[in-house]
Protein chains: 2
Amino acid sequence: MDSLTIALDAMSGDLGPRIVVPAAIQALNCYPNLSVFLVGDPTEIGLFLSKENKKLVSQYQQDRRLILTESTTVITNDMKPSYAIRHSQGSSMRIALELVKDNNVQACVSAGNTGALMGLSKLLLHSLTGIDRPALVATIPALNNQNTVVLDLGANAECDSDMLVQFAIMGQILAKTLLKIEHPRVALLNIGEEEIKGLDKIRAAASVLKSNDQINYIGYLEGNELLTGKTDVLVCDGFVGNVTLKTVEGLVKIFMSLFKSSFDHNSLLMKLLSKWLQRKVSKNFGYLDPGRYNGACLLGLKSIVIKSHGSANQKSFFAAIEQAILAIQTNIPEKIAQSLSSALPKSE
Amino acid sequence: MDSLTIALDAMSGDLGPRIVVPAAIQALNCYPNLSVFLVGDPTEIGLFLSKENKKLVSQYQQDRRLILTESTTVITNDMKPSYAIRHSQGSSMRIALELVKDNNVQACVSAGNTGALMGLSKLLLHSLTGIDRPALVATIPALNNQNTVVLDLGANAECDSDMLVQFAIMGQILAKTLLKIEHPRVALLNIGEEEIKGLDKIRAAASVLKSNDQINYIGYLEGNELLTGKTDVLVCDGFVGNVTLKTVEGLVKIFMSLFKSSFDHNSLLMKLLSKWLQRKVSKNFGYLDPGRYNGACLLGLKSIVIKSHGSANQKSFFAAIEQAILAIQTNIPEKIAQSLSSALPKSE
């Protein structure tokens, strides 16, 4: 079993070490071949440790599977990426990325400022040749046990048609690698199915993709087809992708809560029925639970960087760590790099 | 009881007269003070009439409550708006709008090409003073029996900051008029809550709205807060609005269908339980059923134009007709016109 090493930005996200540390311990418990660099303020990290976790941390530190790496500042969500990058020295995010850069770890997970993570990753780890800007990508569960690779989920609020084409190509390679689909269907998210619909950049990307015989381009899809499994790869700009994914997450949360509250009853029979239903609902709809698919990969970099939701809880930050492990095991950046040169449109 | 007169574009939408005519009859049955101009190809309209509906059509025609108005062409969804408008003479959409223009009817409902409907409406019916381009608006049900006015839902795929500000002002007036909220909260849809997040045009609109003391501007909201009732008015460009609304619709549909299928059982007890649950689900989640809130108003015109979903069935086209009736009864264009001059930012 190959060893796995990951750096975690322990100060990132709404709850910082309060959730990152327990998630790290959970991952160390689950993956015996995993080592974790926990980057953060040691005092703060200590503050939120339960007695049991304190013991585990000591144990893992002794085993050299948990390495606390001190940072002195934090990049917050309200910082402009350009400002954050200029002032990133000593920050938990930068140190975590430098651990990747210096080959101390194979991947990094952060729940911090998306724009800063994107900018710093580009600066320190570099994009693959042919990729202007990396994109946040996630594999979203769809109907009939299918999955859809969706990108960009928020790394690039504004995209031009070249970027959309690059996203399509990277998404396609990811669907081949991760989902084992030989000829993944690739679609562009748009506001109509007809060719004339939508924005100029989308129509321009469509015309490039149509003429690329290495891409199984199937046309435009609309928002209502997002989770129907009609495509294996869905491409959009980061603004639309982020709003759409968050809309799905919000709606699933509302469904789940409405469902629970509508069966709040006092009688024993109703309580039993409610329990049974909750299991049923979780079995049927749980696949839409955002926590289960937390962790978006910053695709197009030479190394692996995973962005967790800022509002992640322990369970979902753990899911993001698992995304990092999967990316290491499937060697995603190298797979992308290998396939890129043949799939990218030739510049004239 | 004041009389109501509406023109229906009978050839519009995926199913044209097959659903528009029964929906018109349903509306005539429900609203004794309603008269309908049904614009379309008489042969096609006749083709899809059931025996019973044929009788009703004749009866309503005799009573002069149903007037068949012949059109010779149809604007299809794959036409570019500019092309469609140039070739609109004799089309069902244009004739329906001309009936509004000539004061033969008070409102028009079409399920046709959104861009063409928008362009033709602007051309024939004109925008209100101070409004660059009308926006598609709908009132979306949110948690706790609240409602949110959302615009633009697809009339303008690209918007600048001035348009976003105008949408915010119109949305606010609509929330006052329709939802009876004295100081409606107004938010911009964005990919983060921090001021620095998102696109330039959104930040520019935010700064204008913040300094307008007639607007209760509360900041940015993210996609996951769409249906939580945190705002009374939510403003975005037409591309994002369209994708978001359709995502919600698609998800609700998936949720409903999964729920139904997961309780398909053969035993009588399970069948009874399933029935009971479906009623419960419909009571709790039915408010999210897209059909119930079909019909988006083209806000910012001097007259009332309602856009129905292209894929509307009879029930949802009927809902769109009811939106037109509500807009007539509340006299929306005049209300907007009255309030606009004081709310719009003064040009220097």
# chains A, B, ... in the order shown; residues from 1 in each chain; ligands from 1
call {"tool": "interface_residues", "arguments": {"of": "chain B", "to": "chain A", "cutoff": "7 Å", "atoms": "only C-alpha atoms", "output": "mmCIF file with all heavy atoms, in the first residue's frame"}}
result
data_model
loop_
_atom_site.group_PDB
_atom_site.id
_atom_site.type_symbol
_atom_site.label_atom_id
_atom_site.label_comp_id
_atom_site.auth_asym_id
_atom_site.auth_seq_id
_atom_site.Cartn_x
_atom_site.Cartn_y
_atom_site.Cartn_z
ATOM 1 N N ASP B 78 -36.158 28.186 -32.120
ATOM 2 C CA ASP B 78 -34.807 28.195 -32.662
ATOM 3 C C ASP B 78 -34.518 29.432 -33.512
ATOM 4 O O ASP B 78 -33.459 29.532 -34.114
ATOM 5 C CB ASP B 78 -34.541 26.905 -33.454
ATOM 6 C CG ASP B 78 -35.566 26.687 -34.542
ATOM 7 O OD1 ASP B 78 -36.463 27.551 -34.687
ATOM 8 O OD2 ASP B 78 -35.497 25.659 -35.230
ATOM 9 N N LYS B 80 -33.465 33.252 -34.041
ATOM 10 C CA LYS B 80 -32.804 34.365 -33.371
ATOM 11 C C LYS B 80 -33.834 35.465 -33.168
ATOM 12 O O LYS B 80 -34.603 35.761 -34.087
ATOM 13 C CB LYS B 80 -31.680 34.911 -34.272
ATOM 14 C CG LYS B 80 -30.307 34.451 -33.884
ATOM 15 C CD LYS B 80 -29.260 35.366 -34.496
ATOM 16 C CE LYS B 80 -27.915 35.042 -33.894
ATOM 17 N NZ LYS B 80 -26.804 35.621 -34.585
ATOM 18 N N ALA B 157 -29.916 37.901 -21.117
ATOM 19 C CA ALA B 157 -28.820 37.010 -20.738
ATOM 20 C C ALA B 157 -27.641 37.823 -20.216
ATOM 21 O O ALA B 157 -26.938 37.398 -19.312
ATOM 22 C CB ALA B 157 -28.399 36.153 -21.926
ATOM 23 N N ILE B 191 -21.775 35.100 -5.508
ATOM 24 C CA ILE B 191 -21.087 33.855 -5.150
ATOM 25 C C ILE B 191 -20.342 33.991 -3.824
ATOM 26 O O ILE B 191 -19.408 33.258 -3.556
ATOM 27 C CB ILE B 191 -20.121 33.396 -6.266
ATOM 28 C CG1 ILE B 191 -19.087 34.480 -6.570
ATOM 29 C CG2 ILE B 191 -20.886 33.044 -7.509
ATOM 30 C CD1 ILE B 191 -17.991 34.021 -7.518
ATOM 31 N N GLU B 194 -19.286 38.420 1.062
ATOM 32 C CA GLU B 194 -18.381 39.534 1.298
ATOM 33 C C GLU B 194 -18.457 40.541 0.144
ATOM 34 O O GLU B 194 -18.655 40.161 -1.004
ATOM 35 C CB GLU B 194 -16.941 39.013 1.434
ATOM 36 C CG GLU B 194 -16.748 38.044 2.585
ATOM 37 C CD GLU B 194 -17.164 36.605 2.233
ATOM 38 O OE1 GLU B 194 -17.425 36.342 1.038
ATOM 39 O OE2 GLU B 194 -17.243 35.781 3.157
ATOM 40 N N ILE B 196 -16.385 42.088 -1.547
ATOM 41 C CA ILE B 196 -15.445 42.034 -2.665
ATOM 42 C C ILE B 196 -15.774 40.892 -3.640
ATOM 43 O O ILE B 196 -15.129 40.760 -4.677
ATOM 44 C CB ILE B 196 -13.995 41.837 -2.153
ATOM 45 C CG1 ILE B 196 -13.928 40.634 -1.176
ATOM 46 C CG2 ILE B 196 -13.471 43.048 -1.464
ATOM 47 C CD1 ILE B 196 -13.140 39.503 -1.674
ATOM 48 N N GLY B 198 -17.606 38.317 -6.377
ATOM 49 C CA GLY B 198 -18.431 38.340 -7.567
ATOM 50 C C GLY B 198 -17.928 39.154 -8.733
ATOM 51 O O GLY B 198 -16.738 39.406 -8.874
ATOM 52 N N LEU B 199 -18.869 39.579 -9.569
ATOM 53 C CA LEU B 199 -18.542 40.273 -10.809
ATOM 54 C C LEU B 199 -18.586 41.784 -10.609
ATOM 55 O O LEU B 199 -19.316 42.291 -9.751
ATOM 56 C CB LEU B 199 -19.550 39.878 -11.889
ATOM 57 C CG LEU B 199 -19.743 38.363 -12.093
ATOM 58 C CD1 LEU B 199 -20.937 38.089 -13.004
ATOM 59 C CD2 LEU B 199 -18.469 37.764 -12.686
ATOM 60 N N GLU B 222 -26.340 34.065 -1.495
ATOM 61 C CA GLU B 222 -25.807 32.981 -2.323
ATOM 62 C C GLU B 222 -26.935 32.024 -2.733
ATOM 63 O O GLU B 222 -28.036 32.056 -2.171
ATOM 64 C CB GLU B 222 -24.729 32.235 -1.547
ATOM 65 C CG GLU B 222 -23.541 33.130 -1.221
ATOM 66 C CD GLU B 222 -22.376 32.345 -0.632
ATOM 67 O OE1 GLU B 222 -21.756 31.575 -1.378
ATOM 68 O OE2 GLU B 222 -22.109 32.498 0.572
ATOM 69 N N GLY B 223 -26.618 31.164 -3.690
ATOM 70 C CA GLY B 223 -27.626 30.251 -4.239
ATOM 71 C C GLY B 223 -28.335 29.418 -3.187
ATOM 72 O O GLY B 223 -29.536 29.156 -3.305
ATOM 73 N N ASN B 224 -27.612 29.008 -2.162
ATOM 74 C CA ASN B 224 -28.241 28.132 -1.166
ATOM 75 C C ASN B 224 -29.282 28.857 -0.319
ATOM 76 O O ASN B 224 -30.008 28.220 0.427
ATOM 77 C CB ASN B 224 -27.175 27.493 -0.261
ATOM 78 C CG ASN B 224 -26.247 28.510 0.351
ATOM 79 O OD1 ASN B 224 -25.998 29.562 -0.240
ATOM 80 N ND2 ASN B 224 -25.739 28.225 1.526
ATOM 81 N N GLU B 225 -29.352 30.177 -0.458
ATOM 82 C CA GLU B 225 -30.333 30.915 0.342
ATOM 83 C C GLU B 225 -31.539 31.341 -0.484
ATOM 84 O O GLU B 225 -32.405 32.074 -0.010
ATOM 85 C CB GLU B 225 -29.649 32.127 0.973
ATOM 86 C CG GLU B 225 -28.583 31.678 1.957
ATOM 87 C CD GLU B 225 -27.685 32.791 2.422
ATOM 88 O OE1 GLU B 225 -27.208 33.567 1.559
ATOM 89 O OE2 GLU B 225 -27.452 32.874 3.627
ATOM 90 N N LEU B 226 -31.600 30.812 -1.694
ATOM 91 C CA LEU B 226 -32.633 31.209 -2.652
ATOM 92 C C LEU B 226 -34.042 31.050 -2.096
ATOM 93 O O LEU B 226 -34.884 31.917 -2.281
ATOM 94 C CB LEU B 226 -32.476 30.335 -3.903
ATOM 95 C CG LEU B 226 -33.375 30.656 -5.080
ATOM 96 C CD1 LEU B 226 -33.038 32.012 -5.653
ATOM 97 C CD2 LEU B 226 -33.229 29.604 -6.170
ATOM 98 N N PHE B 239 -29.253 35.286 -17.371
ATOM 99 C CA PHE B 239 -28.637 33.974 -17.572
ATOM 100 C C PHE B 239 -28.644 33.185 -16.262
ATOM 101 O O PHE B 239 -29.137 32.061 -16.190
ATOM 102 C CB PHE B 239 -27.201 34.131 -18.082
ATOM 103 C CG PHE B 239 -26.598 32.830 -18.540
ATOM 104 C CD1 PHE B 239 -26.681 32.437 -19.861
ATOM 105 C CD2 PHE B 239 -25.991 31.964 -17.633
ATOM 106 C CE1 PHE B 239 -26.155 31.228 -20.276
ATOM 107 C CE2 PHE B 239 -25.473 30.761 -18.037
ATOM 108 C CZ PHE B 239 -25.553 30.381 -19.362
ATOM 109 N N VAL B 240 -28.125 33.817 -15.234
ATOM 110 C CA VAL B 240 -28.049 33.157 -13.927
ATOM 111 C C VAL B 240 -29.455 32.863 -13.386
ATOM 112 O O VAL B 240 -29.721 31.779 -12.857
ATOM 113 C CB VAL B 240 -27.261 34.041 -12.934
ATOM 114 C CG1 VAL B 240 -27.314 33.468 -11.535
ATOM 115 C CG2 VAL B 240 -25.820 34.184 -13.395
ATOM 116 N N ASN B 242 -32.214 32.352 -15.022
ATOM 117 C CA ASN B 242 -32.848 31.265 -15.765
ATOM 118 C C ASN B 242 -32.291 29.914 -15.354
ATOM 119 O O ASN B 242 -33.037 28.967 -15.084
ATOM 120 C CB ASN B 242 -32.646 31.514 -17.266
ATOM 121 C CG ASN B 242 -33.389 30.500 -18.106
ATOM 122 O OD1 ASN B 242 -32.942 29.367 -18.241
ATOM 123 N ND2 ASN B 242 -34.532 30.881 -18.646
ATOM 124 N N VAL B 243 -30.966 29.822 -15.288
ATOM 125 C CA VAL B 243 -30.339 28.549 -14.907
ATOM 126 C C VAL B 243 -30.768 28.162 -13.485
ATOM 127 O O VAL B 243 -31.111 27.014 -13.209
ATOM 128 C CB VAL B 243 -28.799 28.643 -14.992
ATOM 129 C CG1 VAL B 243 -28.148 27.436 -14.340
ATOM 130 C CG2 VAL B 243 -28.348 28.750 -16.446
ATOM 131 N N THR B 244 -30.774 29.141 -12.594
ATOM 132 C CA THR B 244 -31.104 28.862 -11.201
ATOM 133 C C THR B 244 -32.546 28.370 -11.057
ATOM 134 O O THR B 244 -32.814 27.357 -10.411
ATOM 135 C CB THR B 244 -30.911 30.135 -10.348
ATOM 136 O OG1 THR B 244 -29.592 30.614 -10.559
ATOM 137 C CG2 THR B 244 -31.113 29.851 -8.888
ATOM 138 N N LYS B 246 -34.447 27.059 -13.280
ATOM 139 C CA LYS B 246 -34.632 25.742 -13.908
ATOM 140 C C LYS B 246 -33.990 24.646 -13.067
ATOM 141 O O LYS B 246 -34.473 23.511 -13.045
ATOM 142 C CB LYS B 246 -34.071 25.759 -15.329
ATOM 143 C CG LYS B 246 -34.999 26.495 -16.269
ATOM 144 C CD LYS B 246 -34.674 26.253 -17.721
ATOM 145 C CE LYS B 246 -35.696 26.941 -18.615
ATOM 146 N NZ LYS B 246 -35.087 27.458 -19.839
ATOM 147 N N THR B 247 -32.885 24.971 -12.400
ATOM 148 C CA THR B 247 -32.264 23.992 -11.500
ATOM 149 C C THR B 247 -33.235 23.615 -10.384
ATOM 150 O O THR B 247 -33.421 22.442 -10.061
ATOM 151 C CB THR B 247 -30.973 24.572 -10.900
ATOM 152 O OG1 THR B 247 -30.073 24.881 -11.963
ATOM 153 C CG2 THR B 247 -30.303 23.588 -9.957
ATOM 154 N N GLU B 249 -36.486 23.835 -10.451
ATOM 155 C CA GLU B 249 -37.586 23.067 -11.026
ATOM 156 C C GLU B 249 -37.198 21.619 -11.265
ATOM 157 O O GLU B 249 -37.944 20.694 -10.956
ATOM 158 C CB GLU B 249 -38.033 23.716 -12.341
ATOM 159 C CG GLU B 249 -38.716 25.037 -12.116
ATOM 160 C CD GLU B 249 -38.997 25.769 -13.407
ATOM 161 O OE1 GLU B 249 -38.643 25.241 -14.482
ATOM 162 O OE2 GLU B 249 -39.543 26.863 -13.331
ATOM 163 N N GLY B 250 -35.997 21.435 -11.829
ATOM 164 C CA GLY B 250 -35.533 20.082 -12.113
ATOM 165 C C GLY B 250 -35.399 19.268 -10.845
ATOM 166 O O GLY B 250 -35.803 18.094 -10.790
ATOM 167 N N LEU B 251 -34.881 19.896 -9.818
ATOM 168 C CA LEU B 251 -34.643 19.188 -8.567
ATOM 169 C C LEU B 251 -35.957 18.810 -7.887
ATOM 170 O O LEU B 251 -36.101 17.700 -7.351
ATOM 171 C CB LEU B 251 -33.789 20.071 -7.651
ATOM 172 C CG LEU B 251 -33.014 19.350 -6.574
ATOM 173 C CD1 LEU B 251 -32.161 18.258 -7.166
ATOM 174 C CD2 LEU B 251 -32.146 20.324 -5.809
#
call {"tool": "select_by_dssp", "arguments": {"residues": "region 169-255 of chain B", "states": "helix (DSSP H, G or I)", "output": "CSV table (one decimal) with C-alpha atoms, in the first residue's frame"}}
result
chain,number,residue,atom,x,y,z
B,169,ILE,CA,-36.2,49.0,-8.0
B,170,MET,CA,-38.9,47.3,-10.1
B,171,GLY,CA,-38.7,44.2,-7.9
B,172,GLN,CA,-39.1,46.3,-4.8
B,173,ILE,CA,-42.2,48.0,-6.2
B,174,LEU,CA,-43.7,44.6,-7.1
B,175,ALA,CA,-43.0,43.2,-3.6
B,176,LYS,CA,-44.8,46.2,-2.1
B,177,THR,CA,-47.8,45.9,-4.5
B,178,LEU,CA,-48.2,42.1,-4.7
B,179,LEU,CA,-46.8,40.9,-1.5
B,200,ASP,CA,-17.8,44.0,-11.4
B,201,LYS,CA,-21.3,44.7,-12.5
B,202,ILE,CA,-22.7,43.2,-9.3
B,203,ARG,CA,-20.4,45.2,-7.1
B,204,ALA,CA,-21.2,48.4,-9.0
B,205,ALA,CA,-24.9,47.7,-8.6
B,206,ALA,CA,-24.4,47.0,-4.9
B,207,SER,CA,-22.7,50.4,-4.4
B,208,VAL,CA,-25.6,52.2,-6.1
B,209,LEU,CA,-28.3,50.3,-4.1
B,210,LYS,CA,-26.5,50.9,-0.8
B,223,GLY,CA,-27.6,30.3,-4.2
B,224,ASN,CA,-28.2,28.1,-1.2
B,225,GLU,CA,-30.3,30.9,0.3
B,238,GLY,CA,-31.1,36.7,-16.9
B,239,PHE,CA,-28.6,34.0,-17.6
B,240,VAL,CA,-28.0,33.2,-13.9
B,241,GLY,CA,-31.7,33.6,-13.0
B,242,ASN,CA,-32.8,31.3,-15.8
B,243,VAL,CA,-30.3,28.5,-14.9
B,244,THR,CA,-31.1,28.9,-11.2
B,245,LEU,CA,-34.9,28.7,-11.6
B,246,LYS,CA,-34.6,25.7,-13.9
B,247,THR,CA,-32.3,24.0,-11.5
B,248,VAL,CA,-34.9,24.4,-8.8
B,249,GLU,CA,-37.6,23.1,-11.0
B,250,GLY,CA,-35.5,20.1,-12.1
B,251,LEU,CA,-34.6,19.2,-8.6
B,252,VAL,CA,-38.2,19.4,-7.3
B,253,LYS,CA,-39.3,17.1,-10.1
B,254,ILE,CA,-36.6,14.6,-9.3
B,255,PHE,CA,-37.5,14.8,-5.7
call {"tool": "closest_residue", "arguments": {"among": "A:Pro134, A:Tyr83, A:Ile325, A:Leu28", "to": "Gln61 (chain A)", "atoms": "only C-alpha atoms"}}
result
A:Leu28
call {"tool": "select_by_dssp", "arguments": {"residues": "region 11-219 of chain A", "states": "strand (DSSP E)", "output": "MDAnalysis selection string"}}
result
chainID A and resid 34:40 66:70 107:110 135:141 147:151 185:189 216:219
call {"tool": "closest_residue", "arguments": {"among": "A:Gly40, A:Pro32, A:Pro345, A:Pro184", "to": "Gly90 (chain A)", "atoms": "only C-alpha atoms"}}
result
A:Gly40
call {"tool": "atom_distance", "arguments": {"atom1": "CA of Cys108 (chain A)", "atom2": "CA of Ser341 (chain A)"}}
result
25.8 Å
call {"tool": "atom_distance", "arguments": {"atom1": "CA of Ala343 (chain A)", "atom2": "CA of Phe167 (chain A)"}}
result
11.5 Å
call {"tool": "residues_around", "arguments": {"residues": "Cys30 (chain A)", "least_positions_apart": "5", "cutoff": "12 Å", "atoms": "only C-alpha atoms", "output": "JSON, numbers by chain"}}
result
{"A": [23, 24, 25, 35, 318, 319, 321, 322, 325]}
call {"tool": "write_last_selection", "arguments": {"atoms": "N, CA and C atoms", "output": "PDB file, in the first residue's frame"}}
result
ATOM      1  N   ALA A  23     -11.653  16.064  11.690  1.00  0.00           N
ATOM      2  CA  ALA A  23     -11.715  15.402  10.377  1.00  0.00           C
ATOM      3  C   ALA A  23     -10.373  14.743  10.057  1.00  0.00           C
ATOM      4  N   ALA A  24      -9.280  15.421  10.423  1.00  0.00           N
ATOM      5  CA  ALA A  24      -7.945  14.855  10.195  1.00  0.00           C
ATOM      6  C   ALA A  24      -7.769  13.564  10.988  1.00  0.00           C
ATOM      7  N   ILE A  25      -8.206  13.597  12.249  1.00  0.00           N
ATOM      8  CA  ILE A  25      -8.084  12.388  13.082  1.00  0.00           C
ATOM      9  C   ILE A  25      -8.919  11.253  12.495  1.00  0.00           C
ATOM     10  N   SER A  35      -0.464  10.102   6.134  1.00  0.00           N
ATOM     11  CA  SER A  35       0.179  11.049   7.046  1.00  0.00           C
ATOM     12  C   SER A  35      -0.360  12.440   6.744  1.00  0.00           C
ATOM     13  N   PHE A 318     -14.047  15.771   6.045  1.00  0.00           N
ATOM     14  CA  PHE A 318     -13.492  14.427   5.855  1.00  0.00           C
ATOM     15  C   PHE A 318     -13.710  13.970   4.408  1.00  0.00           C
ATOM     16  N   ALA A 319     -14.911  14.276   3.880  1.00  0.00           N
ATOM     17  CA  ALA A 319     -15.184  13.923   2.477  1.00  0.00           C
ATOM     18  C   ALA A 319     -14.189  14.611   1.547  1.00  0.00           C
ATOM     19  N   ILE A 321     -11.108  15.462   2.334  1.00  0.00           N
ATOM     20  CA  ILE A 321      -9.820  14.747   2.473  1.00  0.00           C
ATOM     21  C   ILE A 321      -9.854  13.487   1.603  1.00  0.00           C
ATOM     22  N   GLU A 322     -10.994  12.814   1.609  1.00  0.00           N
ATOM     23  CA  GLU A 322     -11.097  11.607   0.777  1.00  0.00           C
ATOM     24  C   GLU A 322     -10.978  11.935  -0.713  1.00  0.00           C
ATOM     25  N   ILE A 325      -7.363  12.113  -1.378  1.00  0.00           N
ATOM     26  CA  ILE A 325      -6.778  10.767  -1.449  1.00  0.00           C
ATOM     27  C   ILE A 325      -7.073  10.122  -2.803  1.00  0.00           C
TER      28      ILE A 325
END
call {"tool": "closest_residue", "arguments": {"among": "B:Leu326, B:Leu234, B:Val105, B:Leu136", "to": "Leu117 (chain B)", "atoms": "only C-alpha atoms"}}
result
B:Leu136
